[in-house]
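Down below is the structure, laid out as structure tokens.
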Amino acid sequence: MATLDSKVPSGPLADKWRKHKVDIKLVNPANKRKYEVIVVGAGLAGSSAASSLADMGYKVKSFVFHDSPRRAHSIAAQGGINAAKNYQNDGDSVHRLFYDTIKGGDYRSREANVHRLAEVSVNIIDQCVAQGVPFAREYGGLLANRSFGGAQVSRTFYARGQTGQQLLLGAYSALMRTVGAGTVELHTQSEMLDLVIVDGQAKGIIVRNLISGAIERYSADAVVLATGGYGNVFNLSTYARGSNVTASWRAYKRGACFANPCYTQIHPTCIPVSGDYQSKLTLMSESLRNDGRIWVPKNASDSGKDPNSLSEGDRDYFLERMYPSFGNLCPRDIASRAAKRVCDEGRGVGPTGLGVYLDFSEAIRRLGENVVRERYGNLFDIYHEITAESAYQKPMRIFPAVHYTMGGLWVDYNLMSNIPGLFVLGEANFSDHGANRLGASALMQGLADGYFVIPYTIGDYLAGQKSGSRPSVDGAEFKAAEQNIVTMTKRFLENRGKATVSHFHKRLGKLMWEYCGMARTKSGLAAALQKIAALREEFWATVLVPGSAETLNQSLEQAGRVIDFIELGELMCRDALTREESCGGHFREEHQYPDGECKRDDEKFGHVAAWEFQGVGQTPLRNAEPLNYESVKMSVRNYK
Amino acid sequence: MVAENTAKNLSITLRVWRQDGPQAVGKFVDYQSKDLSPNMSFLEMLDVVNDDLTLKGEPPIAFAHDCREGICGTCSCTINGQPHGPGKGVATCQVYMRTFRDGDVITVEPFRAAAFPIVKDLITDRSAFDKIQQAGGFITARAGSAPEANALPVPKPDADLAMDAATCIGCGACVAACKNASAMLFVGAKVSHLGILPQGQAERDKRVVAMVDTMDALGFGNCTNQYECSAACPKLISHDFISRMNRDYLAATVRAAFKAVSLGGSGGS
């Protein structure tokens, strides 16, 4: 069994981070340049970590599979970033942001990590403004805010509907500055395929150069993974097509524990699926719920009618009805399930019956079309491009879609995994969002980890490593890891089956959505475990990967990512099956209150499940890290 | 499912640029594709064509793509002679098959520019853009050193204008659309974004000179003043930012000629 020591510092919650920063070891400025750190991924967490570590004096190597770090999928986040600045004078504070995040996560996150996140949130805004992020402003020149789900204060900072883009370009500019200064060595189009462990510690990676096909070895004193989430296990999601779990999964197969894999976020406001060819689902930002009202017809018989023809009395504004105090701004998991429920009742709209309306007519009457255009124009444009409909004239049709994964590699308070020297940041780790993430908190966490946590905590590990002890890439461990990848590549290419990689990805996605999506059951999950195992065997028996290994080969890239998703799918179903309770994004039909809300079992499942690999097709070990709430009392979430 | 669009499925001829590698000779190859839904995106059509090619034992078409929602800037096809194809203010991934008619011949090429060498088929190497950013596309602000965010008010019109420039997705359509393969819209947008904001003033002169000089050194051409760049830009970034960059560049070079320069010395003991 793995040892999971969360290393949460002692003392009162609000003092832990301050105290920890005083207590942890430092590496002196002249010694920092003797240490090399590999950072994989260059989204918000990876770019901010790489540039910050380089500015401190460490030698950094940054790896991305994209052709430029600016392409990382953080770029697509629309709505905003939370921070406890209390600029609106509406009662916000570090404690309130902390509490909202803990409650939003349905009491399944680690208290000390979340408090630290709330504390550094204010520094993130300062840092981003200093870098030139053009946040929205009031006429007096000060920063503007808007509100987001799961909060009763306005603490979300934004840059039109492109906040993620602007924050990433800020972090990217810092990364480019350090690359230009020669303190970061940038490797684009380089995909990490294996983690190299020497004497029990993470000391390097194996990379495939996606242009030449060459397999390359890199060693370092520490490895940082900031490789994002795994929502593409569902094939259809709001993730970029290239987003994948491979770096995390290969680390898992080398011994890193994977925590709470079943915690996935289904975002309530996405454009509904249109056909089998579909490759991606497009999000309509949660910020739309500030002014848009969600409804379906009261009577199923009205579902097919023109929405503008239905009178107020024929409409059911179901979120406002069920959750009067949060209304349309209730948390994502709750809004998604409510939408599913009304569609299950036959009141869904659109050709498939899998849709609800998001209506702006009241906002347009109240504010005028121009104000609505200024606030949400780009989102209305996206909606029009995809559906050829105007949301100014007719309500949008939306439906939940996979959007984020709260689970990820297990990390301690220092963001180090159970493999010493392997750090995991951003969406790739598990620690801050529990079983459900609140809107505008992903950007906050990515930048918190990269700018304000890892710069402190990596020193605590490196100070214990002798400088110059970095192993040579000629060592046996590097050779073996490279051979592992060469063998796998050969197996893909020599298989010469009859089914494309995308065929398997689609089938996996359908299984996952049906059995491990918005509502899960014991029998469904047990069936899915068998079906996915069978799919894995069929993949190896019949997959067809064209081309060669010595060149750019997108089919080969995809093959590696899809087989990892298949293996991950098994783990997710196993985790969901074992967790006999409902919490946040994990909804087991057997465990609900009469009104359909999640019924947690804190006694039996008030812990993190951290899975330990035992071999493909073998049952992994389930380790538990108890969640000890010192400051907040675990209670039933109530947004009514 | 898009209820309103009742258009019939289409069949098209796809005329695609195929090129094995940077040194290989490329050529157009025709592929027939049938029964395509008008609600399919252009890239989803390529996915379908690629699955067919794979099953037939032919090499699939390499094309760059990622977010498929018009923000990452990865996709980069010239469709029927226009970077990102028909339609204003969209990237390749936001082109839908309903744009085309049954029986159309659709020509697909990579973005063409000397500074963007072809890697394979429709994929080009746009790392030159990263190099321009490395030269000066930033405000130096180490993590931990930033002042309180509201200590420096930014007038809303300035913040809005900076945001207009900052929406650039770095796709390179401006370069592909220009007969001189000029990158001045791309560079102008970044120089303007940072130069308009008060935070960007300290490095304003240094930034514009370094970025423009690097742009020139990397083989991008000069502005033709025909503004095809703005017309092709998926974010409709205005060519006004080119004039702003030129003004900044001129002012910076003039100031540099007359500026007193510190002789330095690190001090301390």
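All residue names refer to the structure tokens as shown: chains lettered A, B, ... in order, residues numbered from 1 in each chain, ligands numbered from 1 in order.
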
Checklist line | Residue neighbourhood Asn9 of chain B, 10 Å, only C-alpha atoms, exclusion window fewer than 3 positions, as a PyMOL selection string | finding: chain B and resi 6+34-40+97-98+101-102

Next item on the list: List every residue of segment 232-464 of chain A that DSSP, applied to the backbone of this structure, places in strand (DSSP E or B), and write the result as number ranges by chain.
Entry: A: 258-259, 264-270, 283, 293-297, 315-316, 356-359, 396-405, 408-409, 416, 422-424, 429

Margin query: So the first atom is atom CA of Leu422 of chain A and the second is atom CA of Leu443 of chain A; what is the distance between them in Å, to one decimal place?
Written below: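 These atoms are spaced 22.0 Å apart.
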
Please report as a PDB file with C-alpha atoms, in the first residue's frame which residues of chain B come no farther than 7 Å from chain A, using only C-alpha atoms.
```pdb
ATOM      1  CA  MET B   1     -29.511  18.897 -33.209  1.00  0.00           C
ATOM      2  CA  VAL B   2     -30.150  22.080 -35.071  1.00  0.00           C
ATOM      3  CA  ALA B   3     -33.855  22.215 -35.658  1.00  0.00           C
ATOM      4  CA  GLU B  44     -15.475  17.132 -38.458  1.00  0.00           C
ATOM      5  CA  ASP B  51     -11.398   7.666 -41.028  1.00  0.00           C
ATOM      6  CA  THR B  54      -7.426   5.021 -42.855  1.00  0.00           C
ATOM      7  CA  LEU B  55      -9.788   2.126 -43.517  1.00  0.00           C
ATOM      8  CA  PRO B  59      -2.504   7.952 -45.277  1.00  0.00           C
ATOM      9  CA  ALA B  62      -2.470  15.769 -41.347  1.00  0.00           C
ATOM     10  CA  ASP B  66      -7.276  21.519 -30.957  1.00  0.00           C
ATOM     11  CA  CYS B  67      -9.955  23.518 -29.129  1.00  0.00           C
ATOM     12  CA  ARG B  68     -12.447  23.503 -32.010  1.00  0.00           C
ATOM     13  CA  GLU B  69     -14.103  26.601 -30.656  1.00  0.00           C
ATOM     14  CA  ILE B  71      -9.817  30.379 -29.434  1.00  0.00           C
ATOM     15  CA  CYS B  72      -6.602  28.322 -29.384  1.00  0.00           C
ATOM     16  CA  GLY B  73      -5.398  29.406 -32.837  1.00  0.00           C
ATOM     17  CA  THR B  74      -4.156  25.932 -33.812  1.00  0.00           C
ATOM     18  CA  GLN B  94     -15.862  27.485 -36.868  1.00  0.00           C
ATOM     19  CA  SER B 127       7.163  28.975 -34.102  1.00  0.00           C
ATOM     20  CA  GLN B 133       6.958  37.185 -28.350  1.00  0.00           C
ATOM     21  CA  GLN B 134      10.216  36.137 -26.703  1.00  0.00           C
ATOM     22  CA  ALA B 135      11.868  39.282 -28.024  1.00  0.00           C
ATOM     23  CA  GLY B 137       5.892  40.557 -25.991  1.00  0.00           C
ATOM     24  CA  PHE B 138       5.603  40.867 -22.220  1.00  0.00           C
ATOM     25  CA  ILE B 139       5.590  43.129 -19.186  1.00  0.00           C
ATOM     26  CA  THR B 140       8.307  42.030 -16.805  1.00  0.00           C
ATOM     27  CA  ALA B 141       6.525  41.269 -13.549  1.00  0.00           C
ATOM     28  CA  ARG B 142       7.905  38.502 -11.368  1.00  0.00           C
ATOM     29  CA  ALA B 143       5.416  36.556  -9.297  1.00  0.00           C
ATOM     30  CA  ALA B 146       3.039  42.959  -8.036  1.00  0.00           C
ATOM     31  CA  PRO B 147       1.388  45.970  -6.369  1.00  0.00           C
ATOM     32  CA  GLU B 148      -2.283  45.951  -5.301  1.00  0.00           C
ATOM     33  CA  ALA B 149      -4.363  45.575  -8.459  1.00  0.00           C
ATOM     34  CA  ASN B 150      -6.610  48.605  -7.893  1.00  0.00           C
ATOM     35  CA  PRO B 153      -6.732  52.675 -12.305  1.00  0.00           C
ATOM     36  CA  VAL B 154      -6.994  52.056 -16.051  1.00  0.00           C
ATOM     37  CA  PRO B 155      -9.603  54.160 -17.870  1.00  0.00           C
ATOM     38  CA  LYS B 156     -12.306  51.883 -19.237  1.00  0.00           C
ATOM     39  CA  ALA B 159      -8.840  48.760 -21.060  1.00  0.00           C
ATOM     40  CA  ALA B 162      -6.220  46.959 -25.066  1.00  0.00           C
ATOM     41  CA  MET B 163      -8.643  44.039 -24.894  1.00  0.00           C
ATOM     42  CA  LEU B 194       0.712  46.180 -23.791  1.00  0.00           C
ATOM     43  CA  LEU B 197      -1.969  49.991 -20.629  1.00  0.00           C
ATOM     44  CA  GLN B 199       1.556  48.860 -16.723  1.00  0.00           C
ATOM     45  CA  GLY B 200       3.248  48.520 -20.109  1.00  0.00           C
TER      46      GLY B 200
END
```

Check: Smallest atom-to-atom distance to Thr13 of chain B: which of B:Gly103, B:Gly170, B:Gly57, B:Gly195, using only C-alpha atoms?
Finding: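 Among the listed residues, B:Gly103 lies closest to Thr13 of chain B.
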
Find the residues around segment 465-482 of chain A up to 10 Å (only C-alpha atoms counted), leave out those fewer than 2 positions away in its own chain, and share them as a PDB file with N, CA and C atoms, in the first residue's frame.
```
ATOM      1  N   ASN A  31      22.560  28.340  -5.228  1.00  0.00           N
ATOM      2  CA  ASN A  31      22.407  26.903  -5.479  1.00  0.00           C
ATOM      3  C   ASN A  31      21.267  26.583  -6.426  1.00  0.00           C
ATOM      4  N   LYS A  32      20.317  27.518  -6.542  1.00  0.00           N
ATOM      5  CA  LYS A  32      19.139  27.200  -7.354  1.00  0.00           C
ATOM      6  C   LYS A  32      19.520  26.823  -8.776  1.00  0.00           C
ATOM      7  N   ARG A  33      20.509  27.510  -9.322  1.00  0.00           N
ATOM      8  CA  ARG A  33      20.848  27.229 -10.727  1.00  0.00           C
ATOM      9  C   ARG A  33      21.450  25.842 -10.921  1.00  0.00           C
ATOM     10  N   LYS A  34      21.779  25.179  -9.831  1.00  0.00           N
ATOM     11  CA  LYS A  34      22.329  23.824  -9.946  1.00  0.00           C
ATOM     12  C   LYS A  34      21.221  22.772 -10.060  1.00  0.00           C
ATOM     13  N   TYR A  35      19.980  23.202  -9.859  1.00  0.00           N
ATOM     14  CA  TYR A  35      18.866  22.251  -9.936  1.00  0.00           C
ATOM     15  C   TYR A  35      18.074  22.433 -11.230  1.00  0.00           C
ATOM     16  N   GLU A  36      17.728  21.306 -11.821  1.00  0.00           N
ATOM     17  CA  GLU A  36      16.896  21.355 -13.026  1.00  0.00           C
ATOM     18  C   GLU A  36      15.507  20.812 -12.729  1.00  0.00           C
ATOM     19  N   LEU A 193       5.638  10.582 -22.574  1.00  0.00           N
ATOM     20  CA  LEU A 193       5.040   9.254 -22.670  1.00  0.00           C
ATOM     21  C   LEU A 193       5.390   8.345 -21.500  1.00  0.00           C
ATOM     22  N   ASP A 194       6.393   8.739 -20.724  1.00  0.00           N
ATOM     23  CA  ASP A 194       6.678   7.927 -19.542  1.00  0.00           C
ATOM     24  C   ASP A 194       7.415   8.768 -18.509  1.00  0.00           C
ATOM     25  N   LEU A 195       7.277   8.310 -17.261  1.00  0.00           N
ATOM     26  CA  LEU A 195       7.970   8.946 -16.151  1.00  0.00           C
ATOM     27  C   LEU A 195       9.115   8.023 -15.769  1.00  0.00           C
ATOM     28  N   VAL A 196      10.280   8.610 -15.490  1.00  0.00           N
ATOM     29  CA  VAL A 196      11.420   7.778 -15.115  1.00  0.00           C
ATOM     30  C   VAL A 196      11.666   7.924 -13.620  1.00  0.00           C
ATOM     31  N   ILE A 197      11.704   6.783 -12.964  1.00  0.00           N
ATOM     32  CA  ILE A 197      11.902   6.780 -11.517  1.00  0.00           C
ATOM     33  C   ILE A 197      13.248   6.130 -11.207  1.00  0.00           C
ATOM     34  N   VAL A 198      14.063   6.866 -10.453  1.00  0.00           N
ATOM     35  CA  VAL A 198      15.376   6.352 -10.064  1.00  0.00           C
ATOM     36  C   VAL A 198      15.423   6.342  -8.538  1.00  0.00           C
ATOM     37  N   ASP A 199      15.729   5.200  -7.969  1.00  0.00           N
ATOM     38  CA  ASP A 199      15.755   5.046  -6.509  1.00  0.00           C
ATOM     39  C   ASP A 199      14.475   5.565  -5.852  1.00  0.00           C
ATOM     40  N   LYS A 203      12.774  11.335 -11.582  1.00  0.00           N
ATOM     41  CA  LYS A 203      13.998  12.000 -12.012  1.00  0.00           C
ATOM     42  C   LYS A 203      14.058  12.240 -13.515  1.00  0.00           C
ATOM     43  N   GLY A 204      12.979  12.006 -14.215  1.00  0.00           N
ATOM     44  CA  GLY A 204      13.062  12.302 -15.640  1.00  0.00           C
ATOM     45  C   GLY A 204      11.819  11.853 -16.379  1.00  0.00           C
ATOM     46  N   ILE A 205      11.813  12.140 -17.659  1.00  0.00           N
ATOM     47  CA  ILE A 205      10.684  11.743 -18.500  1.00  0.00           C
ATOM     48  C   ILE A 205      11.176  11.233 -19.851  1.00  0.00           C
ATOM     49  N   ILE A 206      10.307  10.463 -20.490  1.00  0.00           N
ATOM     50  CA  ILE A 206      10.542  10.018 -21.861  1.00  0.00           C
ATOM     51  C   ILE A 206       9.530  10.767 -22.725  1.00  0.00           C
ATOM     52  N   VAL A 207      10.026  11.314 -23.828  1.00  0.00           N
ATOM     53  CA  VAL A 207       9.220  12.203 -24.638  1.00  0.00           C
ATOM     54  C   VAL A 207       9.259  11.731 -26.080  1.00  0.00           C
ATOM     55  N   ARG A 208       8.135  11.865 -26.777  1.00  0.00           N
ATOM     56  CA  ARG A 208       8.181  11.646 -28.223  1.00  0.00           C
ATOM     57  C   ARG A 208       8.133  13.001 -28.907  1.00  0.00           C
ATOM     58  N   ILE A 215      12.232   9.321 -30.015  1.00  0.00           N
ATOM     59  CA  ILE A 215      11.970   9.135 -28.588  1.00  0.00           C
ATOM     60  C   ILE A 215      13.175   9.704 -27.843  1.00  0.00           C
ATOM     61  N   GLU A 216      12.927  10.637 -26.931  1.00  0.00           N
ATOM     62  CA  GLU A 216      14.019  11.349 -26.265  1.00  0.00           C
ATOM     63  C   GLU A 216      13.940  11.171 -24.753  1.00  0.00           C
ATOM     64  N   ARG A 217      15.106  11.232 -24.091  1.00  0.00           N
ATOM     65  CA  ARG A 217      15.158  11.087 -22.634  1.00  0.00           C
ATOM     66  C   ARG A 217      15.611  12.419 -22.012  1.00  0.00           C
ATOM     67  N   TYR A 218      14.968  12.797 -20.925  1.00  0.00           N
ATOM     68  CA  TYR A 218      15.380  14.010 -20.211  1.00  0.00           C
ATOM     69  C   TYR A 218      15.422  13.710 -18.718  1.00  0.00           C
ATOM     70  N   SER A 219      16.484  14.153 -18.062  1.00  0.00           N
ATOM     71  CA  SER A 219      16.551  13.950 -16.615  1.00  0.00           C
ATOM     72  C   SER A 219      16.441  15.291 -15.907  1.00  0.00           C
ATOM     73  N   ALA A 220      16.075  15.252 -14.637  1.00  0.00           N
ATOM     74  CA  ALA A 220      15.904  16.474 -13.850  1.00  0.00           C
ATOM     75  C   ALA A 220      15.975  16.119 -12.373  1.00  0.00           C
ATOM     76  N   ASP A 221      16.025  17.155 -11.538  1.00  0.00           N
ATOM     77  CA  ASP A 221      16.007  16.933 -10.093  1.00  0.00           C
ATOM     78  C   ASP A 221      14.581  16.781  -9.582  1.00  0.00           C
ATOM     79  N   ALA A 222      13.618  17.317 -10.346  1.00  0.00           N
ATOM     80  CA  ALA A 222      12.208  17.148  -9.980  1.00  0.00           C
ATOM     81  C   ALA A 222      11.369  17.275 -11.248  1.00  0.00           C
ATOM     82  N   GLY A 421       9.483  13.831  -5.506  1.00  0.00           N
ATOM     83  CA  GLY A 421      10.033  14.532  -6.670  1.00  0.00           C
ATOM     84  C   GLY A 421       9.043  14.728  -7.792  1.00  0.00           C
ATOM     85  N   GLY A 459      11.072  23.892  -3.140  1.00  0.00           N
ATOM     86  CA  GLY A 459      12.344  24.090  -2.440  1.00  0.00           C
ATOM     87  C   GLY A 459      12.509  23.107  -1.289  1.00  0.00           C
ATOM     88  N   ASP A 460      11.389  22.785  -0.640  1.00  0.00           N
ATOM     89  CA  ASP A 460      11.434  21.871   0.500  1.00  0.00           C
ATOM     90  C   ASP A 460      11.947  20.502   0.067  1.00  0.00           C
ATOM     91  N   TYR A 461      11.574  20.103  -1.151  1.00  0.00           N
ATOM     92  CA  TYR A 461      12.074  18.816  -1.670  1.00  0.00           C
ATOM     93  C   TYR A 461      13.510  18.939  -2.179  1.00  0.00           C
ATOM     94  N   LEU A 462      13.742  19.978  -2.994  1.00  0.00           N
ATOM     95  CA  LEU A 462      15.059  20.095  -3.625  1.00  0.00           C
ATOM     96  C   LEU A 462      16.168  20.312  -2.598  1.00  0.00           C
ATOM     97  N   ALA A 463      15.839  21.003  -1.508  1.00  0.00           N
ATOM     98  CA  ALA A 463      16.860  21.240  -0.479  1.00  0.00           C
ATOM     99  C   ALA A 463      17.391  19.917   0.079  1.00  0.00           C
ATOM    100  N   ASN A 484      10.167   0.648 -23.110  1.00  0.00           N
ATOM    101  CA  ASN A 484       8.731   0.488 -22.854  1.00  0.00           C
ATOM    102  C   ASN A 484       7.911   1.214 -23.921  1.00  0.00           C
ATOM    103  N   ILE A 485       8.339   2.431 -24.257  1.00  0.00           N
ATOM    104  CA  ILE A 485       7.596   3.237 -25.224  1.00  0.00           C
ATOM    105  C   ILE A 485       7.824   2.716 -26.651  1.00  0.00           C
ATOM    106  N   VAL A 486       9.049   2.345 -26.932  1.00  0.00           N
ATOM    107  CA  VAL A 486       9.343   1.813 -28.269  1.00  0.00           C
ATOM    108  C   VAL A 486       8.506   0.562 -28.524  1.00  0.00           C
ATOM    109  N   THR A 487       8.411  -0.302 -27.518  1.00  0.00           N
ATOM    110  CA  THR A 487       7.642  -1.544 -27.649  1.00  0.00           C
ATOM    111  C   THR A 487       6.158  -1.245 -27.878  1.00  0.00           C
ATOM    112  N   MET A 488       5.650  -0.296 -27.110  1.00  0.00           N
ATOM    113  CA  MET A 488       4.234   0.057 -27.224  1.00  0.00           C
ATOM    114  C   MET A 488       3.927   0.623 -28.616  1.00  0.00           C
TER     115      MET A 488
END
```

Next item on the list: Can you pull out every residue within 12 Å of Arg146 of chain A, counting only C-alpha atoms, but drop anything in the same chain fewer than 6 positions away, and send it as a PyMOL selection string?
Entry: chain A and resi 79-83+86-88+90+135-138+152-161+286-291+329+375+439-440

Let's have the selection written as a PDB file, in the first residue's frame, with C-alpha atoms.
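Result file follows (again-v7.pdb):
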```pdb
ATOM      1  CA  GLY A  79     -16.290  33.301 -17.633  1.00  0.00           C
ATOM      2  CA  GLY A  80     -13.796  34.453 -15.070  1.00  0.00           C
ATOM      3  CA  ILE A  81     -11.526  33.991 -12.085  1.00  0.00           C
ATOM      4  CA  ASN A  82     -12.551  34.237  -8.449  1.00  0.00           C
ATOM      5  CA  ALA A  83     -10.664  36.253  -5.858  1.00  0.00           C
ATOM      6  CA  ASN A  86     -14.162  42.279  -1.684  1.00  0.00           C
ATOM      7  CA  TYR A  87     -14.002  45.224  -4.122  1.00  0.00           C
ATOM      8  CA  GLN A  88     -17.799  45.149  -4.247  1.00  0.00           C
ATOM      9  CA  ASP A  90     -20.599  42.910  -0.413  1.00  0.00           C
ATOM     10  CA  PHE A 135      -9.608  42.761 -17.093  1.00  0.00           C
ATOM     11  CA  ALA A 136     -12.994  44.465 -17.401  1.00  0.00           C
ATOM     12  CA  ARG A 137     -13.071  47.864 -15.675  1.00  0.00           C
ATOM     13  CA  GLU A 138     -15.594  50.276 -14.269  1.00  0.00           C
ATOM     14  CA  GLN A 152     -23.826  35.122  -3.001  1.00  0.00           C
ATOM     15  CA  VAL A 153     -21.145  37.757  -3.569  1.00  0.00           C
ATOM     16  CA  SER A 154     -19.654  39.207  -6.771  1.00  0.00           C
ATOM     17  CA  ARG A 155     -16.031  38.124  -6.734  1.00  0.00           C
ATOM     18  CA  THR A 156     -15.408  37.060 -10.302  1.00  0.00           C
ATOM     19  CA  PHE A 157     -12.919  39.051 -12.386  1.00  0.00           C
ATOM     20  CA  TYR A 158     -13.275  38.736 -16.131  1.00  0.00           C
ATOM     21  CA  ALA A 159     -12.079  39.844 -19.550  1.00  0.00           C
ATOM     22  CA  ARG A 160     -15.204  39.756 -21.714  1.00  0.00           C
ATOM     23  CA  GLY A 161     -16.012  36.091 -22.338  1.00  0.00           C
ATOM     24  CA  GLU A 286     -21.889  30.151 -16.702  1.00  0.00           C
ATOM     25  CA  SER A 287     -21.792  33.951 -16.647  1.00  0.00           C
ATOM     26  CA  LEU A 288     -24.847  33.775 -18.936  1.00  0.00           C
ATOM     27  CA  ARG A 289     -26.815  32.553 -15.934  1.00  0.00           C
ATOM     28  CA  ASN A 290     -26.426  36.034 -14.401  1.00  0.00           C
ATOM     29  CA  ASP A 291     -28.978  37.374 -16.862  1.00  0.00           C
ATOM     30  CA  LEU A 329     -26.876  30.600 -10.143  1.00  0.00           C
ATOM     31  CA  ARG A 375     -21.779  41.500 -21.847  1.00  0.00           C
ATOM     32  CA  GLY A 439     -17.363  28.319 -11.622  1.00  0.00           C
ATOM     33  CA  ALA A 440     -14.333  30.619 -12.022  1.00  0.00           C
TER      34      ALA A 440
END
```

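Coordinates place atom CA of Asn299 of chain A at a distance of 10.6 Å from atom CA of Gly313 of chain A.
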
Notebook entry, point to check: Among segment 301-472 of chain A, which residues carry a DSSP assignment of helix (DSSP H, G or I), reported as a ChimeraX atom specification?
Noted result: /A:301-302,307-309,312-314,318-322,327-329,332-344,361-367,369-387,426-428,442-462

Counting only C-alpha atoms, what is within 9 Å of Ser192 of chain B, bar same-chain residues fewer than 2 positions away, as a compact mmCIF listing (two decimals) with C-alpha atoms, in the first residue's frame?
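That gives us part-v2.txt:
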```
# COMPACT_ATOMS: atom_id res chain seq x y z
CA LEU B 161 -9.03 49.03 -26.58
CA ALA B 162 -6.22 46.96 -25.07
CA ALA B 165 -5.89 44.04 -29.44
CA ALA B 166 -5.36 41.26 -26.91
CA VAL B 187 2.90 42.27 -33.85
CA GLY B 188 0.83 45.47 -33.90
CA ALA B 189 -1.84 43.82 -31.79
CA LYS B 190 0.60 42.68 -29.10
CA LEU B 194 0.71 46.18 -23.79
CA GLY B 195 1.54 49.72 -24.92
CA ILE B 196 -1.95 51.11 -24.27
CA LEU B 197 -1.97 49.99 -20.63
CA PHE B 241 -3.08 48.71 -34.52
CA ILE B 242 -0.51 48.57 -37.34
CA ARG B 244 -0.18 52.53 -33.75
CA MET B 245 2.79 50.17 -33.85
CA ASP B 248 5.37 53.68 -31.43
```

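The closest residue to Ala24 of chain B, picked from B:Thr99, B:Gln82, B:Leu46, B:Ile118 and counting only C-alpha atoms, is B:Ile118.
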
Next item on the list: Determine the nearest neighbour of Ile79 of chain B from the options B:Ala256, B:Leu250, B:Val191, B:Ile106, counting only C-alpha atoms.
Entry: B:Ile106
